[in-house]
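Student: Below is the file upload-v9.txt, with compact mmCIF, C-alpha atoms.
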# COMPACT_ATOMS: atom_id res chain seq x y z
CA MET A 1034 0.00 0.00 0.00
CA GLN A 1035 1.15 3.50 -0.70
CA VAL A 1036 1.53 5.77 2.33
CA THR A 1037 2.56 9.41 2.43
CA MET A 1038 3.62 11.07 5.64
CA THR A 1039 5.52 14.18 6.63
CA VAL A 1040 8.37 13.24 8.92
CA ASN A 1041 10.40 16.00 10.57
CA GLY A 1042 9.21 18.43 7.91
CA ALA A 1043 9.96 16.30 4.82
CA SER A 1044 7.31 14.38 2.86
CA PHE A 1045 7.88 10.68 2.16
CA THR A 1046 5.79 8.45 -0.06
CA SER A 1047 6.50 4.74 0.20
CA ASP A 1048 5.04 1.39 -0.69
CA VAL A 1049 4.63 -0.66 2.47
CA GLU A 1050 3.04 -3.96 3.37
CA SER A 1051 -0.15 -3.23 5.29
CA ARG A 1052 1.23 -5.08 8.34
CA THR A 1053 4.31 -2.84 8.59
CA LEU A 1054 4.52 -1.20 11.99
CA LEU A 1055 5.15 2.53 12.03
CA VAL A 1056 8.39 2.07 13.97
CA GLN A 1057 9.66 -0.41 11.35
CA HIS A 1058 8.77 2.01 8.59
CA LEU A 1059 10.66 4.85 10.29
CA ARG A 1060 13.71 2.77 11.10
CA ASP A 1061 13.99 0.39 8.14
CA ASN A 1062 12.50 2.39 5.26
CA LEU A 1063 13.25 5.98 6.24
CA ASN A 1064 16.51 5.16 8.09
CA LEU A 1065 15.45 7.17 11.14
CA THR A 1066 16.97 4.85 13.72
CA GLY A 1067 16.80 7.31 16.64
CA THR A 1068 13.42 5.82 17.52
CA HIS A 1069 14.09 2.59 19.39
CA VAL A 1070 12.22 -0.69 19.80
CA GLY A 1071 12.36 -1.83 23.42
CA CYS A 1072 9.66 -4.15 24.70
CA ASP A 1073 7.66 -4.22 21.44
CA THR A 1074 4.47 -4.57 23.51
CA SER A 1075 3.43 -0.90 24.09
CA SER A 1076 4.79 -0.93 27.63
CA CYS A 1077 8.27 0.62 27.69
CA GLY A 1078 7.92 3.79 25.61
CA ALA A 1079 11.30 3.58 23.83
CA CYS A 1080 9.48 3.91 20.48
CA THR A 1081 7.59 7.10 21.46
CA ILE A 1082 7.23 9.65 18.67
CA VAL A 1083 4.78 12.48 18.00
CA VAL A 1084 1.98 11.95 15.45
CA ASN A 1085 -0.24 14.94 14.66
CA GLY A 1086 0.84 16.65 17.90
CA GLU A 1087 0.34 13.66 20.19
CA ALA A 1088 2.94 11.33 21.68
CA VAL A 1089 2.26 7.72 20.68
CA LYS A 1090 4.01 4.36 20.82
CA SER A 1091 5.09 3.68 17.26
CA CYS A 1092 5.35 -0.09 17.86
CA THR A 1093 1.57 -0.16 18.31
CA LEU A 1094 0.58 1.68 15.15
CA LEU A 1095 0.51 0.44 11.59
CA ALA A 1096 2.25 2.66 9.07
CA VAL A 1097 -0.95 2.61 6.96
CA GLN A 1098 -2.87 4.17 9.86
CA CYS A 1099 -0.61 7.23 9.54
CA ASN A 1100 -1.24 8.04 5.90
CA GLY A 1101 -1.25 11.85 5.69
CA ALA A 1102 0.12 12.30 9.22
CA GLU A 1103 2.64 14.86 10.48
CA ILE A 1104 5.30 13.02 12.43
CA THR A 1105 8.13 14.24 14.63
CA THR A 1106 10.84 11.88 15.80
CA ILE A 1107 13.83 12.55 18.02
CA GLU A 1108 15.80 13.49 14.90
CA GLY A 1109 13.39 16.38 14.29
CA LEU A 1110 13.65 18.15 17.65
CA ALA A 1111 16.93 20.01 17.29
CA SER A 1112 16.94 22.97 14.93
CA ASN A 1113 19.84 24.84 13.32
CA ASN A 1114 22.33 22.64 15.13
CA ALA A 1115 20.90 23.76 18.47
CA LEU A 1116 19.60 21.05 20.77
CA HIS A 1117 16.00 21.32 21.92
CA PRO A 1118 15.76 22.51 25.57
CA ILE A 1119 14.60 19.01 26.61
CA GLN A 1120 17.69 17.48 24.98
CA GLU A 1121 19.84 20.12 26.71
CA GLY A 1122 18.12 19.29 29.99
CA PHE A 1123 18.91 15.57 29.68
CA ARG A 1124 22.56 16.46 29.00
CA GLU A 1125 22.78 19.10 31.71
CA LYS A 1126 21.14 16.98 34.45
CA HIS A 1127 22.62 13.63 33.40
CA GLY A 1128 19.15 12.27 32.58
CA LEU A 1129 20.61 9.22 30.83
CA GLN A 1130 23.22 6.56 31.19
CA CYS A 1131 22.99 3.97 28.42
CA GLY A 1132 20.68 6.21 26.39
CA PHE A 1133 18.41 3.50 25.03
CA CYS A 1134 15.20 4.93 26.54
CA THR A 1135 16.23 8.55 25.96
CA PRO A 1136 14.58 9.27 22.57
CA GLY A 1137 11.25 8.01 23.91
CA MET A 1138 11.70 9.81 27.23
CA ILE A 1139 12.37 13.06 25.41
CA MET A 1140 9.38 12.74 23.09
CA ALA A 1141 7.08 11.90 26.02
CA SER A 1142 8.53 14.89 27.93
CA TRP A 1143 7.81 17.04 24.87
CA GLN A 1144 4.15 16.03 25.13
CA LEU A 1145 4.05 16.86 28.83
CA LEU A 1146 5.55 20.34 28.39
CA GLU A 1147 3.16 21.05 25.48
CA ARG A 1148 0.23 20.42 27.79
CA ASN A 1149 1.72 21.59 31.06
CA PRO A 1150 4.68 24.00 30.72
CA ASN A 1151 5.42 24.07 34.47
CA PRO A 1152 4.86 20.56 35.79
CA SER A 1153 5.46 19.51 39.38
CA ASP A 1154 7.73 16.62 40.27
CA GLY A 1155 4.67 14.37 40.65
CA GLU A 1156 3.17 15.49 37.35
CA ILE A 1157 6.43 14.68 35.54
CA ARG A 1158 6.53 11.20 37.05
CA HIS A 1159 2.86 10.62 36.16
CA ALA A 1160 3.39 11.82 32.57
CA LEU A 1161 6.38 9.50 32.11
CA GLU A 1162 4.63 6.39 33.49
CA GLY A 1163 4.66 4.89 30.02
CA ASN A 1164 8.45 5.16 29.67
CA PHE A 1165 10.85 2.80 31.39
CA CYS A 1166 14.47 3.56 32.25
CA ARG A 1167 16.61 0.82 33.70
CA CYS A 1168 19.68 2.99 34.46
CA THR A 1169 18.93 6.30 36.08
CA GLY A 1170 16.36 5.55 38.75
CA TYR A 1171 14.36 8.40 37.15
CA ASP A 1172 15.46 11.17 39.55
CA ASN A 1173 17.77 12.78 37.02
CA ILE A 1174 15.14 12.45 34.30
CA VAL A 1175 12.72 14.43 36.46
CA LYS A 1176 15.44 17.05 36.99
CA ALA A 1177 16.12 17.15 33.25
CA VAL A 1178 12.46 17.85 32.48
CA GLN A 1179 12.35 20.52 35.19
CA TRP A 1180 15.48 22.09 33.67
CA ALA A 1181 13.80 22.10 30.26
CA ALA A 1182 10.64 23.67 31.70
CA GLN A 1183 12.70 26.46 33.24
CA ASN A 1184 14.81 27.02 30.13
CA SER A 1185 12.25 26.93 27.29
CA MET B 347 6.78 -8.92 16.46
CA ILE B 348 4.92 -8.39 13.22
CA PRO B 349 1.24 -9.13 12.59
CA ALA B 350 0.26 -11.82 10.09
CA ALA B 351 -0.47 -10.41 6.64
CA PHE B 352 -3.88 -8.89 6.03
CA GLU B 353 -5.70 -6.77 3.48
CA TYR B 354 -6.29 -3.21 4.63
CA TYR B 355 -9.35 -1.09 3.87
CA ARG B 356 -9.89 2.50 4.99
CA ALA B 357 -13.47 3.65 5.53
CA SER B 358 -14.25 7.36 5.31
CA SER B 359 -17.83 7.14 6.60
CA VAL B 360 -19.95 4.86 8.77
CA ASP B 361 -21.94 3.79 5.70
CA GLU B 362 -18.75 2.84 3.88
CA ALA B 363 -17.53 0.91 6.95
CA LEU B 364 -20.83 -0.99 7.18
CA ALA B 365 -20.70 -1.83 3.47
CA LEU B 366 -17.13 -3.12 3.81
CA MET B 367 -18.12 -5.16 6.87
CA GLN B 368 -21.01 -6.69 4.98
CA GLN B 369 -18.81 -7.44 1.98
CA HIS B 370 -16.02 -9.12 3.97
CA GLY B 371 -18.06 -10.73 6.75
CA GLU B 372 -16.24 -12.83 9.31
CA ASP B 373 -12.85 -12.41 7.63
CA ALA B 374 -12.75 -8.76 8.62
CA LYS B 375 -12.08 -6.95 11.88
CA VAL B 376 -12.72 -3.29 12.60
CA LEU B 377 -9.72 -1.15 13.58
CA ALA B 378 -10.31 2.04 15.60
CA GLY B 379 -7.33 3.34 17.60
CA GLY B 380 -5.73 -0.09 17.39
CA HIS B 381 -4.55 -0.24 20.98
CA SER B 382 -6.22 -3.55 21.75
CA LEU B 383 -6.27 -5.10 18.28
CA VAL B 384 -2.75 -4.28 17.06
CA PRO B 385 -1.06 -5.77 20.16
CA ALA B 386 -3.24 -8.89 19.78
CA MET B 387 -2.28 -9.12 16.10
CA LYS B 388 1.42 -8.73 16.92
CA LEU B 389 1.13 -11.66 19.33
CA ARG B 390 -0.85 -13.55 16.64
CA LEU B 391 -3.70 -13.90 19.12
CA ALA B 392 -5.75 -12.24 16.38
CA THR B 393 -5.08 -13.01 12.72
CA PRO B 394 -7.81 -11.25 10.75
CA GLU B 395 -7.55 -11.62 6.99
CA LYS B 396 -8.90 -8.15 6.51
CA LEU B 397 -8.86 -4.94 8.51
CA ILE B 398 -11.38 -2.15 8.09
CA ASP B 399 -9.87 1.04 9.50
CA ILE B 400 -12.54 3.40 10.82
CA GLY B 401 -9.97 5.67 12.51
CA GLY B 402 -10.41 8.45 9.96
CA ILE B 403 -14.20 8.80 10.20
CA SER B 404 -14.60 12.36 11.47
CA GLY B 405 -18.28 11.93 12.33
CA LEU B 406 -17.39 9.47 15.09
CA GLN B 407 -15.21 11.89 17.03
CA GLY B 408 -15.94 14.38 19.74
CA ILE B 409 -17.95 15.13 22.85
CA GLN B 410 -21.24 17.03 22.67
CA ASP B 411 -23.52 18.46 25.35
CA ARG B 412 -27.08 17.55 24.29
CA GLY B 413 -28.84 18.82 27.41
CA ASP B 414 -30.16 15.65 29.01
CA HIS B 415 -27.12 13.64 27.94
CA ILE B 416 -23.53 13.91 26.80
CA ALA B 417 -22.92 12.27 23.42
CA ILE B 418 -19.48 10.78 22.94
CA GLY B 419 -18.37 9.63 19.50
CA ALA B 420 -16.94 6.12 19.48
CA LEU B 421 -13.54 7.35 18.26
CA THR B 422 -13.10 9.84 21.11
CA THR B 423 -9.77 9.09 22.74
CA HIS B 424 -9.13 8.36 26.39
CA TRP B 425 -7.13 11.61 26.60
CA GLN B 426 -10.02 13.65 25.19
CA LEU B 427 -12.34 12.20 27.84
CA GLU B 428 -9.79 12.61 30.62
CA SER B 429 -9.21 16.27 29.74
CA SER B 430 -12.77 17.33 28.88
CA ASP B 431 -14.22 19.90 31.34
CA LEU B 432 -17.73 18.77 30.44
CA VAL B 433 -17.02 15.10 31.18
CA GLN B 434 -15.11 15.97 34.35
CA GLN B 435 -18.10 17.93 35.64
CA LYS B 436 -21.04 15.85 34.43
CA ALA B 437 -19.60 12.32 34.38
CA SER B 438 -16.54 12.38 36.58
CA ALA B 439 -16.38 8.57 36.82
CA LEU B 440 -15.86 8.40 33.06
CA SER B 441 -13.06 10.97 32.96
CA GLN B 442 -11.40 9.24 35.92
CA ALA B 443 -11.68 5.84 34.26
CA ALA B 444 -10.24 7.28 31.02
CA GLY B 445 -7.34 8.86 32.93
CA ALA B 446 -6.59 5.55 34.66
CA ILE B 447 -6.01 3.63 31.42
CA GLY B 448 -2.47 2.63 30.46
CA ASP B 449 -0.23 5.66 30.07
CA VAL B 450 -0.22 9.01 28.28
CA GLN B 451 0.75 7.57 24.91
CA VAL B 452 -1.90 4.86 25.06
CA ARG B 453 -4.55 7.38 26.15
CA ASN B 454 -3.63 9.62 23.20
CA ARG B 455 -4.48 6.90 20.75
CA GLY B 456 -6.92 4.42 22.31
CA THR B 457 -10.65 5.07 21.83
CA ILE B 458 -13.66 4.55 24.08
CA GLY B 459 -15.61 2.78 21.33
CA GLY B 460 -12.76 0.42 20.58
CA ALA B 461 -12.27 -0.38 24.25
CA LEU B 462 -15.98 -1.00 24.87
CA ALA B 463 -16.46 -3.14 21.78
CA HIS B 464 -13.37 -5.18 22.69
CA ALA B 465 -14.84 -5.74 26.20
CA ASP B 466 -11.66 -6.98 27.83
CA PRO B 467 -12.65 -8.25 31.28
CA ALA B 468 -9.83 -6.10 32.67
CA ALA B 469 -10.84 -2.90 30.86
CA ASP B 470 -11.53 0.21 32.94
CA TYR B 471 -14.52 1.75 31.15
CA PRO B 472 -17.19 -0.95 31.52
CA GLY B 473 -17.77 -0.51 35.28
CA ALA B 474 -18.00 3.26 34.80
CA ILE B 475 -20.39 2.93 31.86
CA LEU B 476 -22.66 0.76 34.04
CA ALA B 477 -22.58 3.09 37.05
CA LEU B 478 -23.29 6.06 34.77
CA ASN B 479 -26.29 4.25 33.27
CA ALA B 480 -25.05 4.95 29.75
CA THR B 481 -26.79 4.12 26.50
CA LEU B 482 -24.81 2.68 23.61
CA VAL B 483 -25.74 3.52 20.03
CA ILE B 484 -25.14 0.72 17.52
CA ARG B 485 -25.50 1.01 13.76
CA GLY B 486 -25.99 -1.78 11.27
CA SER B 487 -27.12 -2.01 7.67
CA GLY B 488 -30.72 -2.04 8.92
CA GLY B 489 -30.34 1.24 10.82
CA GLU B 490 -29.59 2.38 14.33
CA ARG B 491 -30.53 0.85 17.67
CA THR B 492 -29.73 1.69 21.27
CA VAL B 493 -28.73 -0.66 24.05
CA ALA B 494 -28.61 0.16 27.76
CA ALA B 495 -25.20 -0.36 29.37
CA SER B 496 -26.83 -3.01 31.59
CA GLY B 497 -27.47 -5.11 28.47
CA PHE B 498 -24.23 -4.37 26.61
CA PHE B 499 -21.64 -6.60 28.29
CA THR B 500 -22.78 -10.12 27.65
CA GLY B 501 -19.71 -12.16 28.64
CA LEU B 502 -15.98 -12.57 28.34
CA TRP B 503 -15.00 -10.35 25.35
CA GLU B 504 -18.66 -10.44 24.32
CA THR B 505 -21.00 -7.48 23.80
CA ALA B 506 -24.39 -6.73 22.30
CA VAL B 507 -22.70 -5.56 19.09
CA GLN B 508 -23.55 -8.18 16.46
CA ASP B 509 -21.68 -9.15 13.30
CA GLY B 510 -22.03 -6.39 10.75
CA GLU B 511 -22.73 -3.73 13.38
CA LEU B 512 -20.66 -0.81 14.61
CA LEU B 513 -20.73 0.92 18.01
CA THR B 514 -20.99 4.59 17.05
CA GLU B 515 -21.84 6.64 20.14
CA ILE B 516 -21.97 6.50 23.92
CA ARG B 517 -24.61 8.59 25.70
CA ILE B 518 -24.20 9.54 29.33
CA PRO B 519 -27.27 10.97 31.09
CA THR B 520 -26.56 14.34 32.74
CA ASP B 521 -28.26 13.46 36.01
CA ALA B 522 -27.27 14.49 39.52
CA ALA B 523 -25.77 11.09 40.33
CA ASN B 524 -23.44 11.18 37.32
CA ALA B 525 -22.25 14.66 38.28
CA ASN B 526 -21.38 13.12 41.67
CA SER B 527 -19.54 10.01 40.52
CA CYS B 528 -16.08 8.55 40.79
CA TYR B 529 -13.96 5.65 39.56
CA LEU B 530 -11.39 4.16 41.91
CA LYS B 531 -8.86 1.70 40.61
CA PHE B 532 -6.45 -0.75 42.19
CA PRO B 533 -4.04 -1.35 39.30
CA GLN B 534 -1.63 -4.18 38.70
CA PRO B 535 1.60 -2.20 39.05
CA ALA B 536 3.22 -3.41 35.83
CA SER B 537 0.35 -3.87 33.37
CA ARG B 538 -1.86 -1.10 34.85
CA TYR B 539 -4.91 -3.25 34.29
CA PRO B 540 -7.24 -3.13 37.30
CA TYR B 541 -7.28 -5.86 39.89
CA VAL B 542 -10.40 -3.97 40.85
CA GLY B 543 -12.08 -0.93 39.33
CA CYS B 544 -15.11 0.46 41.14
CA ALA B 545 -17.36 3.21 39.82
CA VAL B 546 -20.06 4.81 41.95
CA ALA B 547 -22.65 7.44 41.02
CA MET B 548 -24.71 8.74 43.94
CA THR B 549 -27.34 11.33 44.78
CA THR B 550 -27.47 12.48 48.36
CA SER B 551 -29.91 14.59 50.30
CA GLY B 552 -28.90 15.94 53.69
CA GLY B 553 -26.13 13.38 54.02
CA THR B 554 -28.39 10.46 53.15
CA CYS B 555 -27.88 8.40 50.01
CA SER B 556 -31.09 8.75 48.02
CA ASP B 557 -29.93 6.73 45.04
CA VAL B 558 -26.74 4.97 44.01
CA ARG B 559 -25.36 2.93 41.12
CA VAL B 560 -22.25 0.79 41.53
CA GLY B 561 -20.32 -0.80 38.66
CA PHE B 562 -17.25 -3.04 38.78
CA SER B 563 -14.50 -3.48 36.19
CA GLY B 564 -11.84 -6.16 36.24
CA VAL B 565 -13.54 -8.24 38.92
CA GLY B 566 -15.74 -10.70 37.02
CA GLU B 567 -15.75 -12.23 33.54
CA SER B 568 -17.55 -9.13 32.43
CA ALA B 569 -18.35 -5.85 34.14
CA PHE B 570 -21.43 -5.81 36.38
CA ARG B 571 -23.71 -3.57 38.44
CA ASP B 572 -23.65 -4.65 42.06
CA SER B 573 -27.19 -4.45 43.40
CA GLY B 574 -26.12 -5.87 46.76
CA VAL B 575 -24.02 -2.79 47.46
CA GLU B 576 -26.63 -0.45 45.99
CA ASN B 577 -29.50 -1.85 48.07
CA ALA B 578 -27.46 -1.73 51.26
CA MET B 579 -26.48 1.90 50.70
CA ARG B 580 -29.72 3.39 49.36
CA GLY B 581 -31.67 5.27 52.02
CA GLN B 582 -28.82 5.19 54.52
CA ALA B 583 -26.95 8.13 56.04
CA VAL B 584 -23.49 7.98 54.48
CA SER B 585 -20.95 7.17 57.17
CA GLU B 586 -17.84 5.07 57.60
CA ALA B 587 -20.00 2.32 59.10
CA SER B 588 -22.80 2.36 56.49
CA ALA B 589 -20.29 2.52 53.61
CA LYS B 590 -18.36 -0.39 55.10
CA PHE B 591 -21.53 -2.44 55.50
CA ALA B 592 -22.62 -1.68 51.93
CA GLY B 593 -19.12 -2.23 50.55
CA ASP B 594 -18.98 -5.61 52.28
CA GLN B 595 -21.90 -6.76 50.12
CA ALA B 596 -19.75 -6.36 46.98
CA THR B 597 -19.44 -9.48 44.77
CA ASN B 598 -21.67 -11.51 47.09
CA GLY B 599 -23.18 -14.38 45.14
CA ARG B 600 -20.94 -13.75 42.10
CA SER B 601 -17.99 -15.55 40.66
CA VAL B 602 -14.80 -13.51 40.73
CA LEU B 603 -11.72 -13.79 38.51
CA SER B 604 -8.54 -15.36 39.73
CA ASP B 605 -5.24 -15.15 37.86
CA TRP B 606 -1.50 -15.61 38.36
CA SER B 607 -1.13 -12.34 40.25
CA VAL B 608 -4.29 -12.15 42.34
CA SER B 609 -6.36 -14.90 43.93
CA GLU B 610 -10.14 -14.86 43.88
CA GLU B 611 -10.20 -14.32 47.64
CA TYR B 612 -7.94 -11.27 47.49
CA ARG B 613 -9.76 -9.72 44.53
CA ARG B 614 -13.09 -10.20 46.33
CA ALA B 615 -11.71 -8.57 49.49
CA MET B 616 -10.33 -5.64 47.51
CA ALA B 617 -13.66 -5.17 45.69
CA LYS B 618 -15.28 -4.62 49.10
CA VAL B 619 -12.57 -2.16 50.18
CA PHE B 620 -12.74 -0.15 46.95
CA ALA B 621 -16.55 -0.10 47.02
CA LYS B 622 -16.43 1.38 50.52
CA ARG B 623 -13.84 4.00 49.53
CA ALA B 624 -15.79 4.99 46.42
CA LEU B 625 -19.06 5.27 48.36
CA LEU B 626 -17.39 7.51 50.92
CA GLN B 627 -15.75 9.63 48.25
CA VAL B 628 -19.03 10.59 46.57
CA GLY B 629 -21.14 10.40 49.75
CA ARG B 630 -19.30 13.11 51.62
Would you kindly transcribe this structure into structure tokens?
Tutor:
Amino acid sequence: MQVTMTVNGASFTSDVESRTLLVQHLRDNLNLTGTHVGCDTSSCGACTIVVNGEAVKSCTLLAVQCNGAEITTIEGLASNNALHPIQEGFREKHGLQCGFCTPGMIMASWQLLERNPNPSDGEIRHALEGNFCRCTGYDNIVKAVQWAAQNS
Amino acid sequence: MIPAAFEYYRASSVDEALALMQQHGEDAKVLAGGHSLVPAMKLRLATPEKLIDIGGISGLQGIQDRGDHIAIGALTTHWQLESSDLVQQKASALSQAAGAIGDVQVRNRGTIGGALAHADPAADYPGAILALNATLVIRGSGGERTVAASGFFTGLWETAVQDGELLTEIRIPTDAANANSCYLKFPQPASRYPYVGCAVAMTTSGGTCSDVRVGFSGVGESAFRDSGVENAMRGQAVSEASAKFAGDQATNGRSVLSDWSVSEEYRRAMAKVFAKRALLQVGR
């Protein structure tokens, strides 16, 4: 099936099998490998991207469901060689160790700050319930999001 | 994990969806937000030969105030229900149930119609839909019919929606009880599915419960209204003691689910505790 989607500002038209998952399409067809596959069961959030302004788990969507969609992945956040404030926050506050969950964490944090620009500690933890990190113990991730809220 | 191959059809209207369903019959499944069906297909628990995607039908989206009821399109997402001022005020149990589902990303994409039609015994909405005394609107090739929530959940993964029919709208009466309702959930910490979900809608007068509806999710093979709790609470002054007595009637005479993480005995005990807490929350 033919699908057309705008990814990080550029339009892509591709022929995909109807069973192709969106995350496969992004990684294997469009070579955008910043989006990760973790659990592959919509639990861990490593595959989080933004579709039409909403954070979603791209392992649980079919590419054909996103025909005509506007998509932002981790590769699309920085602009003009300047990191996005959330990316800066994760660097500044050491919000990552191995980095595997980080693209999903950052995209989910983007959604939170869109809806709630000044979240409390508890609101950050609640908003990131769908994203697992097995390194940091989350404290530095919360600080990273707070840093981003204060510096955007 | 990749789903088995299937043919994909995109419907742009309810009529087109119904025609596609009629054409493809039992080989086809309907795809809304895809947050129950796609995971099942990835695990090959579901292997439909054909998928009819209704996700783009604009007429099935949105929340409307129609005076005596709120009309919710079947494709309204959990996030839209969780964040709607109207639903928070007039049907708080529904917005609380929506906000208790999965996580932010799942709530952005999953739909109330998809969740209700799937009728997972561990879904959050069904207990709330029962306590709120909702009406479900179902369309088929022969036209539209309505089913009361009390007649909608017919068994494990079974609903009143027949082959060739589509759940299109959920109607929540805007009565005083629904404006004073809540949904309390005891979630499994990893999966977030409820061990117990209890919804209560209550009217009170001078501290006395004049009417009450109690619905449970996640407790039995399908969601149910618990008349034992309702009858024990109705007409009583709401207090710690009366709520405990009424809550203790929960699940009496019913079979209760047991699984690898929670025994029947524990789930039954927690149903009583959560019924009491929910009664007190709306009875104060």
Student: I'd like the neighbourhood of Thr1066 in chain A as a count of residues only, where a residue qualifies if any of its atoms comes within 10 Å (using all atoms listed in the file), though same-chain residues fewer than 6 positions away should be ignored.
Tutor: 7
Student: Could you tell me which residues of chain B sit within 9 Å of chain A when counting only C-alpha atoms, and give me the result as a list in words?
Tutor: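 The contacting residues on chain B are Met347, Ile348, Pro349, Ala350, Ala351, Phe352, Glu353, Tyr354, Arg356, Gly379, Gly380, His381, Val384, Pro385, Lys388, Leu389, Asp399, Gly401, Gly402, Gly448, Asp449, Val450, Gln451, Val452, Arg453, Asn454, Arg455, Ala536 and Ser537 of chain B.
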Student: Dump as a PyMOL selection string all residues having an atom at most 6 Å from (-20.8, 5.8, 20.5), computed in the file's coordinates with all atoms listed in the file.
Tutor: chain B and resi 418-420+482-483+513-516
Student: Compare A:Ala1079, A:Leu1065, A:Ala1181, A:Ala1096 by their minimum atom-to-atom distance to Phe1123 in chain A, counting all atoms listed in the file, and give me the closest one.
Tutor: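 Selected residue with least distance to Phe1123 in chain A: A:Ala1181.
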Student: Can you tell me which residues surround Lys1126 in chain A at a distance of at most 9 Å, considering all atoms listed in the file, apart from same-chain residues fewer than 6 positions away, and format the answer as a list of chain:residue names?
Tutor: A:Asn1173, A:Ile1174, A:Lys1176, A:Ala1177, A:Val1178, A:Trp1180
Student: Using all atoms listed in the file, which of the listed residues (B:Glu586, B:Ser441, B:Gly510, B:His424) sits closest to Asp373 in chain B?
Tutor: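 Closest residue, counting all atoms listed in the file: B:Gly510.
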Student: Please, what distance in Å, to one decimal, runs between CA of Glu576 in chain B and CA of Thr500 in chain B?
Tutor: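 According to the coordinates, CA of Glu576 in chain B and CA of Thr500 in chain B are separated by 21.1 Å.
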Student: So which residues touch Cys1134 in chain A within 9 Å, counting all atoms listed in the file, skipping near sequence neighbours fewer than 6 positions away, as a list in words?
Tutor: His1069, Gly1071, Cys1077, Gly1078, Ala1079, Cys1080, Asn1164, Phe1165, Cys1166 and Arg1167 of chain A
Student: Which distance in Å separates CA of Gly561 in chain B and CA of Ala624 in chain B, to one decimal?
Tutor: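 Distance between the two atoms: 10.7 Å.
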Student: Distance CA of Glu1125 in chain A-CA of Ala1111 in chain A, one decimal place?
Tutor: 15.6 Å
Student: Once you add 5 Å to each side, what are the centre and edge lengths of the axis-aligned box holding all listed atoms of range 1135-1150 of chain A? One decimal in Å, as AutoDock Vina command-line options, if you can.
Tutor:
--center_x 8.2 --center_y 16.0 --center_z 26.8 --size_x 26.0 --size_y 26.0 --size_z 18.5
Student: Got a sec to write range 487-497 of chain B of the block to a file, N, CA, C and O atoms, as a PDB file, in the first residue's frame?
Tutor:
ATOM      1  N   SER B 487     -26.586  -2.337   9.004  1.00  0.00           N
ATOM      2  CA  SER B 487     -27.117  -2.009   7.670  1.00  0.00           C
ATOM      3  C   SER B 487     -28.623  -1.728   7.751  1.00  0.00           C
ATOM      4  O   SER B 487     -29.169  -0.997   6.935  1.00  0.00           O
ATOM      5  N   GLY B 488     -29.290  -2.271   8.771  1.00  0.00           N
ATOM      6  CA  GLY B 488     -30.722  -2.038   8.918  1.00  0.00           C
ATOM      7  C   GLY B 488     -31.071  -0.759   9.657  1.00  0.00           C
ATOM      8  O   GLY B 488     -32.247  -0.486   9.890  1.00  0.00           O
ATOM      9  N   GLY B 489     -30.066   0.002  10.092  1.00  0.00           N
ATOM     10  CA  GLY B 489     -30.341   1.242  10.818  1.00  0.00           C
ATOM     11  C   GLY B 489     -29.698   1.254  12.187  1.00  0.00           C
ATOM     12  O   GLY B 489     -28.783   0.483  12.454  1.00  0.00           O
ATOM     13  N   GLU B 490     -30.224   2.116  13.035  1.00  0.00           N
ATOM     14  CA  GLU B 490     -29.591   2.381  14.329  1.00  0.00           C
ATOM     15  C   GLU B 490     -30.445   1.801  15.450  1.00  0.00           C
ATOM     16  O   GLU B 490     -31.665   1.812  15.381  1.00  0.00           O
ATOM     17  N   ARG B 491     -29.789   1.282  16.483  1.00  0.00           N
ATOM     18  CA  ARG B 491     -30.526   0.853  17.668  1.00  0.00           C
ATOM     19  C   ARG B 491     -29.742   1.274  18.895  1.00  0.00           C
ATOM     20  O   ARG B 491     -28.544   1.571  18.799  1.00  0.00           O
ATOM     21  N   THR B 492     -30.425   1.328  20.032  1.00  0.00           N
ATOM     22  CA  THR B 492     -29.730   1.693  21.267  1.00  0.00           C
ATOM     23  C   THR B 492     -29.837   0.542  22.256  1.00  0.00           C
ATOM     24  O   THR B 492     -30.821  -0.196  22.277  1.00  0.00           O
ATOM     25  N   VAL B 493     -28.777   0.398  23.045  1.00  0.00           N
ATOM     26  CA  VAL B 493     -28.730  -0.660  24.054  1.00  0.00           C
ATOM     27  C   VAL B 493     -28.309  -0.018  25.371  1.00  0.00           C
ATOM     28  O   VAL B 493     -27.368   0.787  25.400  1.00  0.00           O
ATOM     29  N   ALA B 494     -29.001  -0.341  26.448  1.00  0.00           N
ATOM     30  CA  ALA B 494     -28.605   0.163  27.760  1.00  0.00           C
ATOM     31  C   ALA B 494     -27.302  -0.513  28.174  1.00  0.00           C
ATOM     32  O   ALA B 494     -27.057  -1.678  27.824  1.00  0.00           O
ATOM     33  N   ALA B 495     -26.474   0.214  28.920  1.00  0.00           N
ATOM     34  CA  ALA B 495     -25.201  -0.360  29.369  1.00  0.00           C
ATOM     35  C   ALA B 495     -25.445  -1.691  30.079  1.00  0.00           C
ATOM     36  O   ALA B 495     -24.654  -2.630  29.948  1.00  0.00           O
ATOM     37  N   SER B 496     -26.559  -1.780  30.826  1.00  0.00           N
ATOM     38  CA  SER B 496     -26.834  -3.006  31.590  1.00  0.00           C
ATOM     39  C   SER B 496     -27.014  -4.223  30.674  1.00  0.00           C
ATOM     40  O   SER B 496     -26.863  -5.356  31.121  1.00  0.00           O
ATOM     41  N   GLY B 497     -27.311  -3.984  29.386  1.00  0.00           N
ATOM     42  CA  GLY B 497     -27.473  -5.114  28.467  1.00  0.00           C
ATOM     43  C   GLY B 497     -26.342  -5.234  27.461  1.00  0.00           C
ATOM     44  O   GLY B 497     -26.420  -6.030  26.524  1.00  0.00           O
TER      45      GLY B 497
END
